[in-house]
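Undergrad: Got a structure here, written out as structure tokens. Questions coming.
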Amino acid sequence: MWLGVDYYPEQWDEALLDSDLDTIAELGCNVIRIAEFAWHRMEPREGEFDFSFFDRVIERAKERGLRVILGTPTAAVPAWLVRTHPDVLSQDEHGQSRGFGGRRHGCYNSPAMRRYAERITRAMAEHYQEEGQVVAWQIDNEIGHEGSDLCWCPHCRRGFQAFLRQKFQGDIDSLNETYGTAFWSQEYNSFEEIPLPVPTLTAHNPALRLDWERFRSESIAGFIDLQARLIRESIPGAVVIHDFPGGGLDKHADYAAAAKPLNIAAYNNYPVWGGQKEPLPPHEIAFGLDYIRGLKGQNFWVTEAIMGAQGHDVTGFLPRPNQAKLWSYQAMAHGCESLLYFRYRGAVKGAEQFCYGVLDADNRRGRKFYEVQNFFRDIRQYEAALTAPIRSDVAMVYDYDSLSAFRIQRQSLLLDCHAEMKRLYRPFYDRNVPVDVVPLWADLSGYKVVAAPYLIITKPDFRDRAKAFVEGGGTLVLTCRTGVKDPDNNLIFGESIPVGWQELAGVAVEETESLQDADAFSVLGQGDFAGQKGHGGILRDLLRVRDAEVLFRYGDPFYNSYAAVTRRRWGKGAVYYIGCALDQKTTALVLKAALREQGIETVSSEAGVEIVCRGGAGQRIRMVLNHNDRCVEVEGEALPPFGCRVEVR
């Protein structure tokens with residue numbers, strides 16, 4: 001278990017190095033993360049490599065028993081590279097180059113960017129290939145974050161055209177037919193005529209835009225894969241990681257695909273940031289952690305846990321005493337097995353002066369220092385339990401193409417697929433049921449309940465696997481707008497929605513509508529749910545039942561003959577179809593029934609209290625986390641505000 005801090009010694013007078021490392025060791029750290037933004041320090045001029053500074057840092061760290069996570073610095077290109085090769089800079093949708101001075105402003109498809117990134121990565125790997133202090137290599141930093149997942153430069157246009165040429169095997173007529181370019185006279189005579197989806201009047205072709213999303217994702221995944229391969233050429237046994245940012249489901253990149261060449265997915269966990277009035281709700285923090293665990297289907301690291309207030313230009317909410325420490329316990333509860341705090345000491349210069357660290361600019365040990373020290377001391381004793389894999393009976397499946405399709409054609413101004421996934425996730429969280437948040441290609445065989453929301457793109461492979469899952473006894477939960485489009489983001493002629501799912505779900509969509517209200521209509525319970533009344537909105541499918549049980553009907557007078565929620569028994573299992581965005585209470589009622597039918601154990605707890613069991617044969621623990629800002633009594637014992645109790649079972 002690696003416990004440490006993110007340390008940027010290049011930003012401080014070297015005279016502080018020894019005292020800093022002494023303090024870091026006193027904090028209880030066994031690892032530091034360094035070098036991720038220090039390209040100029042290692043290559044101050046083109047081709048002149050100087051690793052002596054970090055050699056000294058690593059040597060001094062070694063004297064104190066501190067190991068090292070070493071970052072490749074490609075998220076912050078040096079000024080000399082931009083001066084000699086200005087085309088390394090990405091461009092916005094208006095063709096304006098992003099100015100030097102921030103970070104992640106390099107274009108992943110720029111030949112110069114790739115060439116120089118390859119060179120610094122190779123040079124670092126060759127220089128440190130025998131360095132035993134390095135326990136992991138971090139590639140880049142939060143790739144695709146802060147708008148860097150999109151670029152509209154000439155390199156990207158040529159790359160996109162080459163991507164399409166390969167997809168359609170050089171047949172422009174096939175592309176025209178697939179895209180339906182006869183619409184608005186958009187036929188292309190060659191791949192060189194194909195534009196990027198830059199701003200235009202009305203809207204670009206949805207099929208072109210989905211392929212653009214796929215190209216962006218491939219560009220980012222390819223940049224990670226390039227560096228991973230370079231490091232392993234010099235260090236075959238290297239542990240390669242990447243620190244993914246929050247909000248991955250909203251990025252123009254499939255982070256699950258990008259994580260494939262990594263040994264470990266890492267996460268920068270920011271429950272609150274500058275400008276937020278208050279932190280994210282506990283279930284949303286948990287969802288993000290479970291999503292990162294699902295990228296590779298294994299435990300992960302947190303490479304940036306916050307302790308102080310955060311913000312670049314707008315200062316952030318200060319976590320209350322023990323609240324940030326509680327978020328660290330929560331990360332461990334959801335599969336984190338190594339954790340580092342951002343940052344050791346807050347910066348006094350540069351853009352992150354208001355990203356406060358374990359220490360502030362005054363360099364004094366205070367409350368935050370002792371909270372971290374206490375957490376490190378406490379958490380070590382549970383290493384055997386916390387490094388064991390998590391086994392979940394429930395999975396939530398997402399599809400990058402479907403999420404992209406909703407970004408392209410949102411349909412309802414209120415639709416936020418990420419938020420809707422969390423709406424489905426919350427009833428499991430509230431009952432303390434572990435959930436894996438996994439990509440569409442994940443193996444379903446170990447689960448009892450699989451929720452698959454908003455799969456608007458029809459994918460026969462997943463449908464066949466889902467059918468086998470249900471036949472074998474599993475419960476599948478589908479939502480409105482399932483099976484609406486083909487893999488090219490086109491509607492499907494001559495087929496009723498949900499295309500390919502009608503037999504399994506036992507319903508067909510008669511009509512559908514988008515609503516600009518979350519409380520647009522009532523839903524009325526039937527059968528087991530008789531007497532229950534809820535509401536829905538945002539989007540809805542009017543369901544004509546073929547061979548399914550109606551659980552809720554729409555309550556508005558024009559459409560009360562249509563089902564809103566159904567259940568179809570199939571084989572040994574069942575399929576639920578939720579035909580609209582339901583209110584949270586009704587969503588919980590439906591999913592509670594699915595859990596009960598599968599015999600999945602739930603654990604009751606007061607609102608804001610999370611209970612998680614971790615471990616295996618070597619050690620088992622039970623973690624009780626109080627996310628409330630008040631003391632609560634749990635099983636006869638008082639738990640203070642933001643307190644965590646760990647019991648060895």
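Convention: chains lettered A, B, ... in structure tokens order; per-chain residue numbering from 1; ligands numbered from 1 as shown.
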If you run DSSP on the backbone, which residues of segment 249-423 of chain A are strand (DSSP E or B), as a ChimeraX atom specification?
TA: /A:264-269,300-306,336-342,345,359,394-398
Undergrad: Would you mind listing what lies within 9 Å of segment 529-542 of chain A as number ranges by chain, with only C-alpha atoms counted and same-chain residues fewer than 6 positions away left out?
TA: A: 411-415, 480-481, 508-523, 551-552, 554-555, 559, 561-564, 578-583, 585-586, 589-590
Undergrad: Since we have the selection now, will you write its residues out, keeping C-alpha atoms, as an mmCIF file, in the first residue's frame?
TA:
```cif
data_model
loop_
_atom_site.group_PDB
_atom_site.id
_atom_site.type_symbol
_atom_site.label_atom_id
_atom_site.label_comp_id
_atom_site.auth_asym_id
_atom_site.auth_seq_id
_atom_site.Cartn_x
_atom_site.Cartn_y
_atom_site.Cartn_z
ATOM 1 C CA GLN A 411 -33.271 15.379 -27.315
ATOM 2 C CA SER A 412 -34.291 16.974 -24.005
ATOM 3 C CA LEU A 413 -32.704 20.156 -22.711
ATOM 4 C CA LEU A 414 -32.798 18.578 -19.258
ATOM 5 C CA LEU A 415 -31.170 15.287 -20.170
ATOM 6 C CA CYS A 480 -36.179 4.760 -22.169
ATOM 7 C CA ARG A 481 -34.390 5.420 -25.466
ATOM 8 C CA ALA A 508 -42.679 -1.861 -28.046
ATOM 9 C CA VAL A 509 -42.517 1.930 -28.092
ATOM 10 C CA GLU A 510 -45.635 3.374 -29.686
ATOM 11 C CA GLU A 511 -44.438 6.968 -29.523
ATOM 12 C CA THR A 512 -41.845 8.984 -27.644
ATOM 13 C CA GLU A 513 -41.482 12.542 -26.468
ATOM 14 C CA SER A 514 -38.998 14.940 -24.935
ATOM 15 C CA LEU A 515 -40.116 17.084 -22.021
ATOM 16 C CA GLN A 516 -38.464 20.140 -20.573
ATOM 17 C CA ASP A 517 -39.648 19.381 -17.074
ATOM 18 C CA ALA A 518 -38.544 16.718 -14.592
ATOM 19 C CA ASP A 519 -42.053 16.599 -13.110
ATOM 20 C CA ALA A 520 -44.127 16.598 -16.297
ATOM 21 C CA PHE A 521 -46.584 13.785 -15.561
ATOM 22 C CA SER A 522 -47.657 11.328 -12.909
ATOM 23 C CA VAL A 523 -47.084 7.573 -12.901
ATOM 24 C CA LEU A 551 -45.732 -2.013 -12.884
ATOM 25 C CA PHE A 552 -46.575 1.655 -13.487
ATOM 26 C CA TYR A 554 -48.714 7.051 -17.098
ATOM 27 C CA GLY A 555 -51.243 9.126 -15.191
ATOM 28 C CA TYR A 559 -51.516 8.663 -22.424
ATOM 29 C CA SER A 561 -53.342 3.642 -21.635
ATOM 30 C CA TYR A 562 -49.572 3.245 -21.977
ATOM 31 C CA ALA A 563 -47.176 1.570 -19.580
ATOM 32 C CA ALA A 564 -44.375 3.572 -17.955
ATOM 33 C CA ILE A 578 -38.196 2.016 -17.156
ATOM 34 C CA GLY A 579 -39.828 4.120 -19.836
ATOM 35 C CA CYS A 580 -39.075 7.598 -18.506
ATOM 36 C CA ALA A 581 -36.878 9.527 -16.108
ATOM 37 C CA LEU A 582 -38.612 8.646 -12.844
ATOM 38 C CA ASP A 583 -38.428 10.555 -9.603
ATOM 39 C CA LYS A 585 -38.475 7.618 -4.767
ATOM 40 C CA THR A 586 -40.188 5.646 -7.546
ATOM 41 C CA LEU A 589 -39.131 1.272 -5.357
ATOM 42 C CA VAL A 590 -38.539 -0.419 -8.709
#
```
Undergrad: Considering only C-alpha atoms, return as a PyMOL selection string whatever protein or nucleic-acid residues lie within 9 Å of His418 of chain A, sequence-local ones (same chain, fewer than 5 positions apart) excluded.
TA: chain A and resi 247+249-250+403+423
Undergrad: Quote the spacing between atom CA of Thr587 of chain A and atom CA of Val575 of chain A in Å to one decimal place.
TA: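 Those two atoms sit 15.0 Å apart.
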Undergrad: From a backbone DSSP assignment, name each residue in segment 384-455 of chain A labelled helix (DSSP H, G or I), as JSON, numbers by chain.
TA: {"A": [384, 385, 386, 400, 401, 402, 403, 404, 405, 406, 407, 408, 417, 418, 419, 420, 421, 422, 423, 424, 425, 426, 427, 428, 429, 430]}
Undergrad: With distances taken over only C-alpha atoms, which residue among A:Val433, A:Ala228, A:Leu16, A:Ala574 lies nearest Ala125 of chain A?
TA: A:Ala228
Undergrad: Fewer than 2 positions away in the same chain doesn't count, so skip those; otherwise give me all residues within 8 Å of segment 59-67 of chain A, counting only C-alpha atoms, as a list in words.
TA: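 So the residues in contact are Asp18, Leu21, Asp22, Ala25, Cys29, Asn30, Val31, Ile32, Asp55, Arg56, Val57, Ile69, Gln133, Val134 and Val135 of chain A.
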Undergrad: Between A:Thr458, A:Val394, A:Tyr576, A:Pro281, which is the closest to Asn628 of chain A once you count only C-alpha atoms?
TA: A:Pro281
Undergrad: Show which residues sit within 9 Å of Lys467 of chain A, as a PDB file with N, CA and C atoms, in the first residue's frame. Count only C-alpha atoms, and ignore same-chain residues fewer than 4 positions away.
TA:
```
ATOM      1  N   PHE A 462     -23.815  -6.984 -27.357  1.00  0.00           N
ATOM      2  CA  PHE A 462     -24.256  -6.791 -25.980  1.00  0.00           C
ATOM      3  C   PHE A 462     -25.656  -7.352 -25.777  1.00  0.00           C
ATOM      4  N   ARG A 463     -26.525  -7.137 -26.748  1.00  0.00           N
ATOM      5  CA  ARG A 463     -27.897  -7.650 -26.628  1.00  0.00           C
ATOM      6  C   ARG A 463     -27.892  -9.163 -26.457  1.00  0.00           C
ATOM      7  N   GLU A 471     -31.508 -15.175 -19.321  1.00  0.00           N
ATOM      8  CA  GLU A 471     -31.919 -16.579 -19.394  1.00  0.00           C
ATOM      9  C   GLU A 471     -31.309 -17.397 -18.269  1.00  0.00           C
ATOM     10  N   GLY A 472     -30.084 -17.015 -17.871  1.00  0.00           N
ATOM     11  CA  GLY A 472     -29.401 -17.738 -16.811  1.00  0.00           C
ATOM     12  C   GLY A 472     -29.841 -17.357 -15.411  1.00  0.00           C
ATOM     13  N   LEU A 476     -32.130  -7.736 -15.655  1.00  0.00           N
ATOM     14  CA  LEU A 476     -31.631  -6.649 -16.495  1.00  0.00           C
ATOM     15  C   LEU A 476     -32.580  -5.461 -16.375  1.00  0.00           C
ATOM     16  N   LEU A 504     -37.293  -9.644 -25.759  1.00  0.00           N
ATOM     17  CA  LEU A 504     -36.739  -9.823 -24.417  1.00  0.00           C
ATOM     18  C   LEU A 504     -37.456  -8.944 -23.394  1.00  0.00           C
ATOM     19  N   TRP A 570     -38.249 -13.845 -18.181  1.00  0.00           N
ATOM     20  CA  TRP A 570     -37.638 -14.497 -19.346  1.00  0.00           C
ATOM     21  C   TRP A 570     -36.663 -15.546 -18.834  1.00  0.00           C
TER      22      TRP A 570
END
```
Undergrad: Using only C-alpha atoms, can you tell me which of A:Gly4, A:Gly144, A:Gly170, A:Pro197 comes closest to Lys251 of chain A?
TA: A:Gly144
Undergrad: Excluding Glu337 of chain A and any residue of its chain fewer than 6 positions from it, enumerate the residues within 6 Å of it, using only C-alpha atoms, and give them as an NGL selection string.
TA: :A and (301 or 386-387)
Undergrad: Take the residues just selected and output them with C-alpha atoms as a PDB file, in the first residue's frame.
TA:
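Produced file selection.pdb, reproduced below:
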```pdb
ATOM      1  CA  TRP A 301      -5.026   4.199  -6.863  1.00  0.00           C
ATOM      2  CA  LEU A 386      -8.221  -3.107   1.335  1.00  0.00           C
ATOM      3  CA  THR A 387      -6.032  -4.741  -1.297  1.00  0.00           C
TER       4      THR A 387
END
```
Undergrad: Report, in Å to a single decimal, how far apart atom CA of Leu289 of chain A and atom CA of Asp225 of chain A are.
TA: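 Distance between the two atoms: 23.2 Å.
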Undergrad: I'd like the contact shell of Arg216 of chain A - 8 Å cut-off, only C-alpha atoms, skipping same-chain residues fewer than 2 positions apart - returned as number ranges by chain.
TA: A: 149-150, 212-214, 218-220, 252-253
Undergrad: What does the distance from atom CA of Asn176 of chain A to atom CA of Tyr454 of chain A come to in Å, to one decimal?
TA: 27.6 Å
Undergrad: Considering only C-alpha atoms, can you say which of A:Ala505, A:Ala388, A:Leu230, A:Val499 comes closest to Cys613 of chain A?
TA: A:Ala388
Undergrad: Restricting the calculation to only C-alpha atoms: of A:Arg41, A:Arg431, A:Arg119, A:Arg293, which residue gets closest to Glu606 of chain A?
TA: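 So, comparing all the options, the nearest one is A:Arg431.
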Undergrad: Measuring between only C-alpha atoms, which one of A:Ile235, A:Met623, A:Ala361, A:Ile143 shows the shortest distance to Ala259 of chain A?
TA: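 Of A:Ile235, A:Met623, A:Ala361, A:Ile143, the one nearest Ala259 of chain A, counting only C-alpha atoms, is A:Ile143.
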